[in-house]
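Heads up: the structure comes next, in structure tokens.
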Amino acid sequence: MPLKGSQIMAQSQHKATIYDIARQAGVNPSTVSRALSQPGRVAAKTEFRIRRIAEQLGYLTQTEQSDGEALPSTGMIAAIVPTLTNPLYAGIINTLQRELDARGYGLITLDTDQKPSMERKAMSYVMRNVDGVVLISSRLSEPDIRRIMMVRPIILINRTAPGLNSVVVDVARAIDDAVHALKESGHSSITYLAGPASSWSNEYRRRYIRSAAFRYDMTYRVVRECEPSVAGGSAAMEQYLIRPTDAVFAFNDALAAGFIIAARRNGLRIPEDVSVIGFDNTQMASLLTPTLSTIDLKSDQVAERAADALVQTIRNPAGIRPEPITLAAEFVKRDSLNTHKRSTMKLGPYAEIRRSSDTIVLTMLSNAFNETMPRINEFMRTHPHIVIDPIEGRTQENTLSLYWERVINHRSVPDLINLERTALPQLAASGALQDLSSKAIEQELAPKVDRAAWQSAHYAGKLYGIPGDQSQTVMFYRADLFDHYHIKVPDTWDAFYETGVALHARNPNRYMGVLDTTDVQHYLSFFRSACVRPWTVENDSTIIFHMRSDLVRSVATFIQQCIDDGALNAEPMWDNRYMRAKSGTYLTVTYANWLGKILSMSYPADRGLWKVTLPPAFADPSQVTTAEIGGSTLAVSAGLPPKRLEAAMTFLKWFQLDPVSVELRAPGGVSAAAGYVEDLTRRGTIDPYFDQPIYDVYAKSAERVNRDWDNLPFYSQLDAEFARLIVPALRPGGRSQDLFDEWERRLKIYAVSQGFAVK
């Protein structure tokens with residue numbers, strides 16, 4: 001019978017062995033040994049169960065293996081590569097070997113023939129015989145990679161995953177430079193000859209070419225799953241000729257070379273008839289005729305940085321935070337790009353070969369797709385007649401700006417947009433989003449979604465999307481530091497202030513908490529938690545401002561007082577990857593639940609020190625009210641024909657609420673699907689970083705979200721005025737509360753200019 005959470009915690013007090021894990025998992029000790037030391041040797045489901053139990057028992061934190069003894073240093077590192085026939089990979093291996101040799105390590109190289117199954121086997125072959133692993137353009141799933149990480153230090157090349165060491169080359173700017181050069185020289189259409197479907201870097205490149213084509217209003221096509229070789233280029237030519245375009249991007253230089261050879265055989269001139277751009281900048285690119293324009297991926301620098309980072313991790317496994325190292329690619333313009341192209345394309349702006357006549361292609365704009373692509377791919381696998389075409393905006397701000405710019409200029413917009421819920425009212429009020437309201441939809445979907453998240457997907461009483469996650473506030477706190485200073489975790493904001501003032505006086509380098517000034521959301525969460533409304537939105541056209549009221553002013557004054565007296569420090573809290581502050585600077589962080597993932601990646605050495613509880617109350621601790629920060633909603637652009645709208649709704653429902661999609665969510669997020677948090681609570685799920693059942697706290701917070709709250713229908717302007725006016729005053733002596741009159745005045749002027757009535 002499985003142990004309950006309390007039993008697991010009690011058992012973890014003694015030194016766990018593989019026999020403890022075997023009893024809990026219901027398997028033989030030898031199975032445990034294989035699962036923990038040689039990933040891929042047992043069924044994935046069994047291995048995941050064994051690893052979860054091992055984490056809960058504290059076994060994996062002992063840095064021990066199946067025999068309880070530390071594995072000796074071998075002086076060898078393994079590099080696992082899809083194929084050595086690719087000149088880019090061969091160059092990386094060559095540089096890795098040279099760099100590792102200089103650091104006292106030998107290199108074992110395994111070629112996996114671009115097959116994930118071979119890659120898993122290669123890992124099991126070398127796992128016990130090396131000190132670390134370099135995964136080059138890995139085809140493995142993220143869960144598979146994380147299983148490997150539990151056994152040996154790894155570094156990814158040409159791929160990223162949250163919380164893992166990686167070296168990637170950011171191609172976005174170089175791709176934009178290349179597409180801009182095409183646009184400026186008269187090209188109006190692009191085809192991307194895509195590489196293997198399992199390649200992370202292929203999907204990364206495809207999304208940015210797609211986004212650049214969208215940005216510059218260029219027709220876009222894709223020929224999928226080309227073999228990344230000269231032979232693959234010849235095969236890709238047949239697909240290209242079905243609907244030719246002015247320019248071609250190829251997954252790598254070898255594929256581009258094969259395409260050029262095949263183009264000539266078919267009577268096409270390069271670059272007069274079609275311009276060609278590759279990736280990698282291998283020696284081949286400069287030897288072709290004409291010389292090949294390409295994206296230089298800095299392979300030597302990649303290998304050097306990877307070798308250095310992996311060796312540091314091997315030698316100091318507990319003291320180094322996993323870092324994604326990012327280098328900048330460079331567009332190298334050569335003779336294969338026609339500088340005076342006369343376009344012959346007459347197609348619409350986003351053409352793509354349909355796989356069949358009844359296939360519907362839906363474009364989807366989002367700030368990032370790295371974590372959502374497994375879910376999108378599974379949807380397309382199970383719904384073969386609906387294709388989701390991702391367009392990446394890179395940041396939430398840029399995504400919203402890109403969409404909004406097209407709305408106000410009456411240009412075509414993507415079919416779907418994934419946006420933060422704070423931005424939804426602005427697009428809904430403009431008429432850009434499809435009103436999804438109907439009695440049938442409300443009856444069908446409302447019971448399936450967390451109540452607060454469901455409400456926030458509405459504006460003026462109408463439904464404009466389906467929420468993806470929950471983002472209710474909790475308080476993360478350093479239990480060890482509270483013990484060190486002999487203080488209690490505050491359950492009211494008054495206690496928070498008093499304890500924080502005393503703490504900062506005792507140690508000026510420490511604060512009780514932090515006020516995130518990255519945007520206005522964290523600041524407003526204080527007002528929402530206090531059940532104080534700075535404004536009210538009536539119907540869809542009237543805004544009543546309360547920013548001069550005594551209640552609003554009292555909350556603003558309290559925040560300023562906390563800053564004045566050292567209980568709070570106001571600064572940008574994180575950089576979209578990691579917390580900025582040094583570990584121990586803040587004893588608490590009151591923020592959305594998803595920050596737990598950021599904390600675990602930012603402070604890996606603090607595992608078990610951070611805990612989670614409900615936020616402080618503004619009055620009675622038994623009546624604490626919580627807020628939301630962030631949270632996404634997937635919405636549909638207005639004006640889709642009925643058949644496309646039906647396909648869009650099929651995707652929205654599956655992507656946000658289907659159990660298969662929810663199960664595929666990246667770890668650390670909290671689905672908005674009703675019952676998700678409660679189910680994890682019932683299972684007694686203990687988070688390995690916080691070493692506590694955090695989901696029962698999340699469930700309690702979700703029940704306490706203040707839903708009597710309106711987001712302004714011009715969030716971007718609200719945030720801009722906050723940054724210009726309020727943020728500079730959020731410092732000791734800044735008297736930020738005195739600026740609310742001016743803040744309200746500016747917002748009223750903007751609201752009137754946008755056609756809203758204000759009171």
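Ordered as shown in the structure tokens, chains take letters A, B, and onward, while each chain numbers its residues from 1 and ligands are numbered from 1 in the order shown.
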
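For stretch 401-409 of chain A, the non-local neighbours within 9 Å, defined as residues at least 2 positions apart in the same chain or in other chains and counting only C-alpha atoms, are Arg215, Leu365, Gly393, Gln396, Glu397, Asn398, Thr399, Arg411, Ser412, Val413, Pro414, Ile417, Leu427, Ser430 and Ala432 of chain A.
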
Using the selection just defined, write its residues with N, CA, C and O atoms as a tab-separated table (two decimals), in the first residue's frame.
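What ended up in selection06.tsv:
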```tsv
chain	number	residue	atom	x	y	z
A	215	ARG	N	5.84	39.52	-39.30
A	215	ARG	CA	6.18	40.91	-38.99
A	215	ARG	C	6.33	41.74	-40.27
A	215	ARG	O	5.95	42.91	-40.30
A	365	LEU	N	-0.49	33.16	-31.92
A	365	LEU	CA	0.54	34.08	-31.44
A	365	LEU	C	0.69	33.92	-29.93
A	365	LEU	O	-0.30	33.96	-29.19
A	393	GLY	N	6.24	35.68	-30.15
A	393	GLY	CA	6.50	37.09	-29.89
A	393	GLY	C	7.68	37.35	-28.98
A	393	GLY	O	8.07	38.49	-28.78
A	396	GLN	N	5.89	38.84	-23.46
A	396	GLN	CA	4.48	39.16	-23.41
A	396	GLN	C	4.23	40.57	-23.93
A	396	GLN	O	3.26	40.83	-24.65
A	397	GLU	N	5.10	41.50	-23.58
A	397	GLU	CA	4.95	42.88	-24.02
A	397	GLU	C	5.03	42.99	-25.54
A	397	GLU	O	4.22	43.66	-26.18
A	398	ASN	N	6.02	42.31	-26.13
A	398	ASN	CA	6.18	42.37	-27.58
A	398	ASN	C	5.04	41.67	-28.30
A	398	ASN	O	4.58	42.11	-29.36
A	399	THR	N	4.56	40.57	-27.71
A	399	THR	CA	3.44	39.83	-28.30
A	399	THR	C	2.21	40.71	-28.38
A	399	THR	O	1.54	40.80	-29.42
A	411	ARG	N	-4.73	45.37	-40.14
A	411	ARG	CA	-3.98	44.34	-40.86
A	411	ARG	C	-4.43	42.97	-40.35
A	411	ARG	O	-5.04	42.85	-39.29
A	412	SER	N	-4.12	41.94	-41.10
A	412	SER	CA	-4.54	40.60	-40.70
A	412	SER	C	-3.87	40.21	-39.38
A	412	SER	O	-2.72	40.57	-39.12
A	413	VAL	N	-4.60	39.52	-38.54
A	413	VAL	CA	-4.10	39.12	-37.23
A	413	VAL	C	-4.12	37.59	-37.14
A	413	VAL	O	-4.83	36.93	-37.89
A	414	PRO	N	-3.35	37.02	-36.20
A	414	PRO	CA	-3.39	35.56	-36.02
A	414	PRO	C	-4.79	35.11	-35.58
A	414	PRO	O	-5.56	35.89	-35.01
A	417	ILE	N	-4.60	33.95	-29.95
A	417	ILE	CA	-3.56	34.66	-29.20
A	417	ILE	C	-3.59	34.18	-27.76
A	417	ILE	O	-4.65	34.08	-27.14
A	427	LEU	N	-8.03	44.22	-25.45
A	427	LEU	CA	-8.34	43.68	-26.77
A	427	LEU	C	-9.83	43.41	-26.92
A	427	LEU	O	-10.40	43.61	-28.00
A	430	SER	N	-11.71	46.60	-27.68
A	430	SER	CA	-11.46	47.11	-29.03
A	430	SER	C	-12.23	46.35	-30.10
A	430	SER	O	-12.24	46.75	-31.27
A	432	ALA	N	-11.37	43.29	-30.98
A	432	ALA	CA	-10.43	42.42	-31.68
A	432	ALA	C	-10.66	40.94	-31.38
A	432	ALA	O	-10.25	40.09	-32.17
```

For A:Pro116, please output as an mmCIF file with N, CA and C atoms, in the first residue's frame all residues within 12 Å (counting only C-alpha atoms; exclusion window: fewer than 6 positions along the same chain).
```cif
data_model
loop_
_atom_site.group_PDB
_atom_site.id
_atom_site.type_symbol
_atom_site.label_atom_id
_atom_site.label_comp_id
_atom_site.auth_asym_id
_atom_site.auth_seq_id
_atom_site.Cartn_x
_atom_site.Cartn_y
_atom_site.Cartn_z
ATOM 1 N N GLY A 40 16.507 4.886 -18.795
ATOM 2 C CA GLY A 40 16.111 4.270 -20.043
ATOM 3 C C GLY A 40 16.129 2.758 -20.022
ATOM 4 N N ILE A 80 26.988 13.099 -26.749
ATOM 5 C CA ILE A 80 26.035 12.331 -27.535
ATOM 6 C C ILE A 80 25.484 13.243 -28.617
ATOM 7 N N VAL A 81 25.661 12.826 -29.869
ATOM 8 C CA VAL A 81 25.418 13.698 -31.021
ATOM 9 C C VAL A 81 24.502 12.981 -32.008
ATOM 10 N N PRO A 82 23.567 13.695 -32.657
ATOM 11 C CA PRO A 82 22.654 13.023 -33.592
ATOM 12 C C PRO A 82 23.364 12.347 -34.757
ATOM 13 N N THR A 83 24.359 13.022 -35.352
ATOM 14 C CA THR A 83 25.108 12.433 -36.460
ATOM 15 C C THR A 83 26.405 13.196 -36.651
ATOM 16 N N ALA A 122 22.358 5.015 -25.718
ATOM 17 C CA ALA A 122 23.700 5.572 -25.533
ATOM 18 C C ALA A 122 23.874 6.073 -24.105
ATOM 19 N N MET A 123 22.832 6.694 -23.555
ATOM 20 C CA MET A 123 22.918 7.185 -22.179
ATOM 21 C C MET A 123 23.135 6.043 -21.207
ATOM 22 N N LEU A 135 24.841 16.805 -24.255
ATOM 23 C CA LEU A 135 23.790 16.403 -25.189
ATOM 24 C C LEU A 135 23.702 17.459 -26.288
ATOM 25 N N SER A 137 22.054 18.897 -29.561
ATOM 26 C CA SER A 137 20.800 18.848 -30.327
ATOM 27 C C SER A 137 19.994 17.601 -29.987
ATOM 28 N N SER A 138 19.797 17.376 -28.709
ATOM 29 C CA SER A 138 19.147 16.154 -28.237
ATOM 30 C C SER A 138 17.743 16.015 -28.794
ATOM 31 N N ARG A 139 17.400 14.793 -29.177
ATOM 32 C CA ARG A 139 16.052 14.475 -29.652
ATOM 33 C C ARG A 139 15.179 13.922 -28.527
ATOM 34 N N LEU A 140 15.728 13.791 -27.329
ATOM 35 C CA LEU A 140 14.978 13.226 -26.216
ATOM 36 C C LEU A 140 13.900 14.185 -25.729
ATOM 37 N N SER A 141 12.872 13.644 -25.093
ATOM 38 C CA SER A 141 11.859 14.478 -24.460
ATOM 39 C C SER A 141 12.469 15.120 -23.217
ATOM 40 N N GLU A 142 11.849 16.222 -22.766
ATOM 41 C CA GLU A 142 12.359 16.881 -21.570
ATOM 42 C C GLU A 142 12.330 15.972 -20.341
ATOM 43 N N ASP A 144 12.772 12.783 -20.264
ATOM 44 C CA ASP A 144 13.919 11.881 -20.396
ATOM 45 C C ASP A 144 15.211 12.576 -19.982
ATOM 46 N N ILE A 145 15.368 13.826 -20.403
ATOM 47 C CA ILE A 145 16.587 14.564 -20.063
ATOM 48 C C ILE A 145 16.679 14.779 -18.559
ATOM 49 N N PRO A 196 14.464 17.685 -39.040
ATOM 50 C CA PRO A 196 13.731 16.607 -38.359
ATOM 51 C C PRO A 196 12.702 17.156 -37.376
ATOM 52 N N ALA A 197 11.542 16.508 -37.327
ATOM 53 C CA ALA A 197 10.465 16.969 -36.446
ATOM 54 C C ALA A 197 10.863 16.902 -34.979
ATOM 55 N N SER A 198 11.757 15.972 -34.629
ATOM 56 C CA SER A 198 12.155 15.812 -33.227
ATOM 57 C C SER A 198 13.251 16.782 -32.805
ATOM 58 N N SER A 199 13.735 17.602 -33.735
ATOM 59 C CA SER A 199 14.832 18.519 -33.436
ATOM 60 C C SER A 199 14.309 19.798 -32.785
#
```

Do you know which residues are at most 12 Å from A:Pro534 counting only C-alpha atoms, after dropping those on the same chain fewer than 6 positions away, and could you put them as a PDB file with N, CA and C atoms, in the first residue's frame?
```pdb
ATOM      1  N   TYR A 523       2.235  45.377  -7.422  1.00  0.00           N
ATOM      2  CA  TYR A 523       1.777  46.529  -6.646  1.00  0.00           C
ATOM      3  C   TYR A 523       0.264  46.474  -6.466  1.00  0.00           C
ATOM      4  N   LEU A 524      -0.467  46.198  -7.542  1.00  0.00           N
ATOM      5  CA  LEU A 524      -1.926  46.158  -7.462  1.00  0.00           C
ATOM      6  C   LEU A 524      -2.423  44.980  -6.635  1.00  0.00           C
ATOM      7  N   SER A 525      -1.628  43.918  -6.523  1.00  0.00           N
ATOM      8  CA  SER A 525      -2.074  42.755  -5.751  1.00  0.00           C
ATOM      9  C   SER A 525      -2.291  43.107  -4.285  1.00  0.00           C
ATOM     10  N   PHE A 526      -1.566  44.113  -3.774  1.00  0.00           N
ATOM     11  CA  PHE A 526      -1.783  44.554  -2.396  1.00  0.00           C
ATOM     12  C   PHE A 526      -3.196  45.136  -2.241  1.00  0.00           C
ATOM     13  N   PHE A 527      -3.626  45.920  -3.210  1.00  0.00           N
ATOM     14  CA  PHE A 527      -4.958  46.523  -3.151  1.00  0.00           C
ATOM     15  C   PHE A 527      -6.038  45.451  -3.274  1.00  0.00           C
ATOM     16  N   ARG A 528      -5.821  44.509  -4.178  1.00  0.00           N
ATOM     17  CA  ARG A 528      -6.811  43.448  -4.367  1.00  0.00           C
ATOM     18  C   ARG A 528      -6.914  42.580  -3.117  1.00  0.00           C
ATOM     19  N   ILE A 543     -15.784  53.925 -16.784  1.00  0.00           N
ATOM     20  CA  ILE A 543     -14.807  53.618 -15.733  1.00  0.00           C
ATOM     21  C   ILE A 543     -14.989  54.620 -14.609  1.00  0.00           C
ATOM     22  N   ILE A 544     -15.155  54.105 -13.413  1.00  0.00           N
ATOM     23  CA  ILE A 544     -15.270  54.953 -12.228  1.00  0.00           C
ATOM     24  C   ILE A 544     -13.961  54.825 -11.444  1.00  0.00           C
ATOM     25  N   PHE A 545     -13.241  55.909 -11.288  1.00  0.00           N
ATOM     26  CA  PHE A 545     -11.959  55.895 -10.581  1.00  0.00           C
ATOM     27  C   PHE A 545     -12.168  56.212  -9.092  1.00  0.00           C
ATOM     28  N   HIS A 546     -11.444  55.460  -8.238  1.00  0.00           N
ATOM     29  CA  HIS A 546     -11.501  55.670  -6.786  1.00  0.00           C
ATOM     30  C   HIS A 546     -10.104  55.929  -6.218  1.00  0.00           C
ATOM     31  N   MET A 547      -9.171  56.366  -7.058  1.00  0.00           N
ATOM     32  CA  MET A 547      -7.776  56.422  -6.637  1.00  0.00           C
ATOM     33  C   MET A 547      -7.495  57.519  -5.609  1.00  0.00           C
ATOM     34  N   ARG A 548      -8.462  58.423  -5.403  1.00  0.00           N
ATOM     35  CA  ARG A 548      -8.288  59.470  -4.399  1.00  0.00           C
ATOM     36  C   ARG A 548      -9.011  59.149  -3.092  1.00  0.00           C
ATOM     37  N   SER A 549      -9.620  57.971  -3.034  1.00  0.00           N
ATOM     38  CA  SER A 549     -10.373  57.614  -1.834  1.00  0.00           C
ATOM     39  C   SER A 549      -9.427  57.335  -0.670  1.00  0.00           C
ATOM     40  N   ASP A 550      -9.969  57.454   0.546  1.00  0.00           N
ATOM     41  CA  ASP A 550      -9.160  57.221   1.747  1.00  0.00           C
ATOM     42  C   ASP A 550      -8.666  55.779   1.818  1.00  0.00           C
ATOM     43  N   LEU A 551      -9.501  54.823   1.381  1.00  0.00           N
ATOM     44  CA  LEU A 551      -9.099  53.416   1.444  1.00  0.00           C
ATOM     45  C   LEU A 551      -7.919  53.134   0.510  1.00  0.00           C
ATOM     46  N   VAL A 552      -8.024  53.637  -0.714  1.00  0.00           N
ATOM     47  CA  VAL A 552      -6.923  53.439  -1.664  1.00  0.00           C
ATOM     48  C   VAL A 552      -5.661  54.109  -1.145  1.00  0.00           C
ATOM     49  N   ARG A 553      -5.801  55.324  -0.657  1.00  0.00           N
ATOM     50  CA  ARG A 553      -4.640  56.058  -0.151  1.00  0.00           C
ATOM     51  C   ARG A 553      -4.014  55.347   1.062  1.00  0.00           C
ATOM     52  N   SER A 554      -4.843  54.698   1.893  1.00  0.00           N
ATOM     53  CA  SER A 554      -4.298  54.023   3.079  1.00  0.00           C
ATOM     54  C   SER A 554      -3.433  52.825   2.690  1.00  0.00           C
ATOM     55  N   VAL A 555      -3.847  52.062   1.655  1.00  0.00           N
ATOM     56  CA  VAL A 555      -3.025  50.935   1.200  1.00  0.00           C
ATOM     57  C   VAL A 555      -1.718  51.451   0.607  1.00  0.00           C
ATOM     58  N   ALA A 556      -1.791  52.488  -0.224  1.00  0.00           N
ATOM     59  CA  ALA A 556      -0.583  53.064  -0.820  1.00  0.00           C
ATOM     60  C   ALA A 556       0.357  53.595   0.256  1.00  0.00           C
ATOM     61  N   ASP A 708     -13.897  40.324  -6.631  1.00  0.00           N
ATOM     62  CA  ASP A 708     -14.535  41.628  -6.819  1.00  0.00           C
ATOM     63  C   ASP A 708     -13.485  42.621  -7.297  1.00  0.00           C
ATOM     64  N   TRP A 709     -13.062  42.442  -8.546  1.00  0.00           N
ATOM     65  CA  TRP A 709     -11.918  43.191  -9.072  1.00  0.00           C
ATOM     66  C   TRP A 709     -12.052  43.334 -10.570  1.00  0.00           C
ATOM     67  N   ASP A 710     -11.691  44.491 -11.101  1.00  0.00           N
ATOM     68  CA  ASP A 710     -11.736  44.734 -12.545  1.00  0.00           C
ATOM     69  C   ASP A 710     -10.346  45.109 -13.050  1.00  0.00           C
ATOM     70  N   ASN A 711      -9.956  44.520 -14.179  1.00  0.00           N
ATOM     71  CA  ASN A 711      -8.756  44.976 -14.880  1.00  0.00           C
ATOM     72  C   ASN A 711      -9.142  46.091 -15.838  1.00  0.00           C
ATOM     73  N   LEU A 712      -8.344  47.152 -15.863  1.00  0.00           N
ATOM     74  CA  LEU A 712      -8.629  48.256 -16.771  1.00  0.00           C
ATOM     75  C   LEU A 712      -8.504  47.806 -18.223  1.00  0.00           C
ATOM     76  N   LEU A 718      -1.776  51.817 -18.277  1.00  0.00           N
ATOM     77  CA  LEU A 718      -1.693  51.788 -16.812  1.00  0.00           C
ATOM     78  C   LEU A 718      -0.284  51.434 -16.370  1.00  0.00           C
ATOM     79  N   PHE A 740      -0.935  59.690  -6.377  1.00  0.00           N
ATOM     80  CA  PHE A 740      -2.125  59.020  -6.896  1.00  0.00           C
ATOM     81  C   PHE A 740      -3.074  59.986  -7.599  1.00  0.00           C
ATOM     82  N   ASP A 741      -3.143  61.229  -7.139  1.00  0.00           N
ATOM     83  CA  ASP A 741      -3.988  62.202  -7.832  1.00  0.00           C
ATOM     84  C   ASP A 741      -3.536  62.381  -9.280  1.00  0.00           C
ATOM     85  N   TRP A 743      -1.637  60.266 -10.993  1.00  0.00           N
ATOM     86  CA  TRP A 743      -1.793  58.986 -11.689  1.00  0.00           C
ATOM     87  C   TRP A 743      -3.227  58.859 -12.212  1.00  0.00           C
ATOM     88  N   GLU A 744      -4.205  59.188 -11.357  1.00  0.00           N
ATOM     89  CA  GLU A 744      -5.601  59.131 -11.783  1.00  0.00           C
ATOM     90  C   GLU A 744      -5.876  60.125 -12.911  1.00  0.00           C
ATOM     91  N   LEU A 747      -4.607  58.769 -16.218  1.00  0.00           N
ATOM     92  CA  LEU A 747      -5.403  57.644 -16.690  1.00  0.00           C
ATOM     93  C   LEU A 747      -6.760  58.108 -17.215  1.00  0.00           C
TER      94      LEU A 747
END
```

From a DSSP calculation on the backbone, collect every residue of stretch 256-450 of chain A in alpha helix (DSSP H) and output the set as number ranges by chain.
-> A: 256-265, 283-287, 299-315, 373-382, 396-408, 424-430, 439-445

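The closest residue to A:Asn86, picked from A:Thr536, A:Gln114, A:Asn316, A:Asn165 and counting only C-alpha atoms, is A:Gln114.
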
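Here atom CA of A:Gln560 and atom CA of A:Ile726 stand 10.8 Å from one another.
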
Compile the contact shell of A:Met237 as number ranges by chain: residues with an atom at most 7 Å away, counting only C-alpha atoms, same-chain residues fewer than 5 positions apart removed.
-> A: 259, 262-263

Just N, CA, C and O atoms for this one: save the residues we selected as a PDB file, in the first residue's frame.
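Written file, selection00.pdb:
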```
ATOM      1  N   PHE A 259      19.479  21.751 -52.172  1.00  0.00           N
ATOM      2  CA  PHE A 259      18.404  22.489 -52.837  1.00  0.00           C
ATOM      3  C   PHE A 259      18.952  23.270 -54.032  1.00  0.00           C
ATOM      4  O   PHE A 259      18.328  23.296 -55.103  1.00  0.00           O
ATOM      5  N   ALA A 262      19.585  20.881 -56.893  1.00  0.00           N
ATOM      6  CA  ALA A 262      18.327  20.441 -57.502  1.00  0.00           C
ATOM      7  C   ALA A 262      17.659  21.577 -58.271  1.00  0.00           C
ATOM      8  O   ALA A 262      17.013  21.345 -59.300  1.00  0.00           O
ATOM      9  N   ALA A 263      17.788  22.809 -57.772  1.00  0.00           N
ATOM     10  CA  ALA A 263      17.190  23.957 -58.461  1.00  0.00           C
ATOM     11  C   ALA A 263      17.779  24.104 -59.857  1.00  0.00           C
ATOM     12  O   ALA A 263      17.046  24.351 -60.837  1.00  0.00           O
TER      13      ALA A 263
END
```

Using DSSP on the backbone coordinates, identify the residues of stretch 463-584 of chain A assigned to strand (DSSP E or B); present them as a ChimeraX atom specification.
-> /A:463,466-467,469,472-478,492,511,513-516,535-538,542-545,568-571,574,579

Hey, which bits of stretch 425-487 of chain A sit within 7 Å of stretch 659-676 of chain A, and for each residue what's the closest pair of atoms and how far apart in Å (one decimal), counting only C-alpha atoms, rows by chain and increasing number, as JSON lines?
```
{"residue": "A:Lys448", "atom": "CA", "partner": "A:Ala674", "partner_atom": "CA", "distance": 4.9}
{"residue": "A:Val449", "atom": "CA", "partner": "A:Ala674", "partner_atom": "CA", "distance": 4.5}
{"residue": "A:Asp450", "atom": "CA", "partner": "A:Ala674", "partner_atom": "CA", "distance": 4.8}
{"residue": "A:Ala453", "atom": "CA", "partner": "A:Ala672", "partner_atom": "CA", "distance": 6.5}
{"residue": "A:Pro467", "atom": "CA", "partner": "A:Ala672", "partner_atom": "CA", "distance": 6.2}
{"residue": "A:Gly468", "atom": "CA", "partner": "A:Ala672", "partner_atom": "CA", "distance": 5.4}
{"residue": "A:Asp469", "atom": "CA", "partner": "A:Ala672", "partner_atom": "CA", "distance": 4.1}
{"residue": "A:Gln470", "atom": "CA", "partner": "A:Ala672", "partner_atom": "CA", "distance": 4.9}
```

What would the file look like if the residues just selected were written as a short mmCIF file (atom, residue, chain, number, x, y, z; two decimals), in the first residue's frame with all heavy atoms?
```
data_model
loop_
_atom_site.label_atom_id
_atom_site.label_comp_id
_atom_site.auth_asym_id
_atom_site.auth_seq_id
_atom_site.Cartn_x
_atom_site.Cartn_y
_atom_site.Cartn_z
N LYS A 448 -15.72 23.35 -15.35
CA LYS A 448 -14.44 22.68 -15.60
C LYS A 448 -13.23 23.57 -15.31
O LYS A 448 -12.10 23.14 -15.47
CB LYS A 448 -14.37 22.21 -17.05
CG LYS A 448 -15.44 21.21 -17.43
CD LYS A 448 -15.30 20.81 -18.90
CE LYS A 448 -16.37 19.80 -19.29
NZ LYS A 448 -16.25 19.40 -20.73
N VAL A 449 -13.50 24.85 -14.91
CA VAL A 449 -12.42 25.82 -14.75
C VAL A 449 -12.45 26.41 -13.34
O VAL A 449 -13.52 26.62 -12.76
CB VAL A 449 -12.54 26.96 -15.79
CG1 VAL A 449 -11.39 27.94 -15.68
CG2 VAL A 449 -12.60 26.39 -17.21
N ASP A 450 -11.27 26.67 -12.79
CA ASP A 450 -11.15 27.37 -11.51
C ASP A 450 -11.98 28.66 -11.56
O ASP A 450 -11.94 29.40 -12.54
CB ASP A 450 -9.68 27.69 -11.25
CG ASP A 450 -9.49 28.66 -10.10
OD1 ASP A 450 -9.66 28.25 -8.94
OD2 ASP A 450 -9.18 29.84 -10.39
N ALA A 453 -10.14 32.10 -12.14
CA ALA A 453 -9.57 32.15 -13.49
C ALA A 453 -10.68 32.31 -14.53
O ALA A 453 -10.54 33.06 -15.50
CB ALA A 453 -8.75 30.90 -13.76
N PRO A 467 -9.11 30.16 -19.79
CA PRO A 467 -7.86 30.33 -19.01
C PRO A 467 -6.99 29.08 -19.08
O PRO A 467 -7.48 27.96 -19.19
CB PRO A 467 -8.37 30.56 -17.58
CG PRO A 467 -9.82 30.89 -17.72
CD PRO A 467 -10.30 30.19 -18.95
N GLY A 468 -5.68 29.32 -18.97
CA GLY A 468 -4.74 28.22 -19.00
C GLY A 468 -4.21 27.83 -17.65
O GLY A 468 -3.92 26.66 -17.40
N ASP A 469 -4.06 28.80 -16.74
CA ASP A 469 -3.44 28.47 -15.46
C ASP A 469 -4.04 29.32 -14.34
O ASP A 469 -4.75 30.29 -14.58
CB ASP A 469 -1.92 28.66 -15.52
CG ASP A 469 -1.52 29.99 -16.16
OD1 ASP A 469 -2.36 30.90 -16.22
OD2 ASP A 469 -0.37 30.11 -16.58
N GLN A 470 -3.72 28.89 -13.13
CA GLN A 470 -4.07 29.66 -11.95
C GLN A 470 -2.85 30.44 -11.50
O GLN A 470 -1.72 30.00 -11.69
CB GLN A 470 -4.53 28.74 -10.82
CG GLN A 470 -5.74 27.89 -11.15
CD GLN A 470 -6.12 26.99 -10.00
OE1 GLN A 470 -6.08 27.38 -8.84
NE2 GLN A 470 -6.50 25.77 -10.33
#
```

Near A:Thr85, within 12 Å and counting only C-alpha atoms, which residues show up once chain neighbours fewer than 2 positions away are dropped, as a list in words?
-> Val81, Pro82, Thr83, Pro87, Leu88, Tyr89, Ala90, Gly91, Ile93, Asp111, Thr112, Asp113, Gln114, Pro228, Ser229, Val230 and Ala254 of chain A

Within 12 Å of A:Met579 using only C-alpha atoms, minus same-chain residues under 2 positions, as a VMD selection string = chain A and resid 321 514 516 518 571 to 577 581 to 586 589 595 to 604

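Comparing A:Ala35, A:Ile261, A:Val179, A:Ala247 by their smallest distance to A:Lys341, the closest is A:Ala247 (using only C-alpha atoms).
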
Expressed in Å, the length from atom CA of A:Arg533 to atom CA of A:Ala729 is 21.3 Å

What's the 12 Å shell around A:Ser753, counting only C-alpha atoms, without same-chain residues fewer than 6 positions away, as a list in words?
-> Phe714, Gln717, Arg746 and Leu747 of chain A
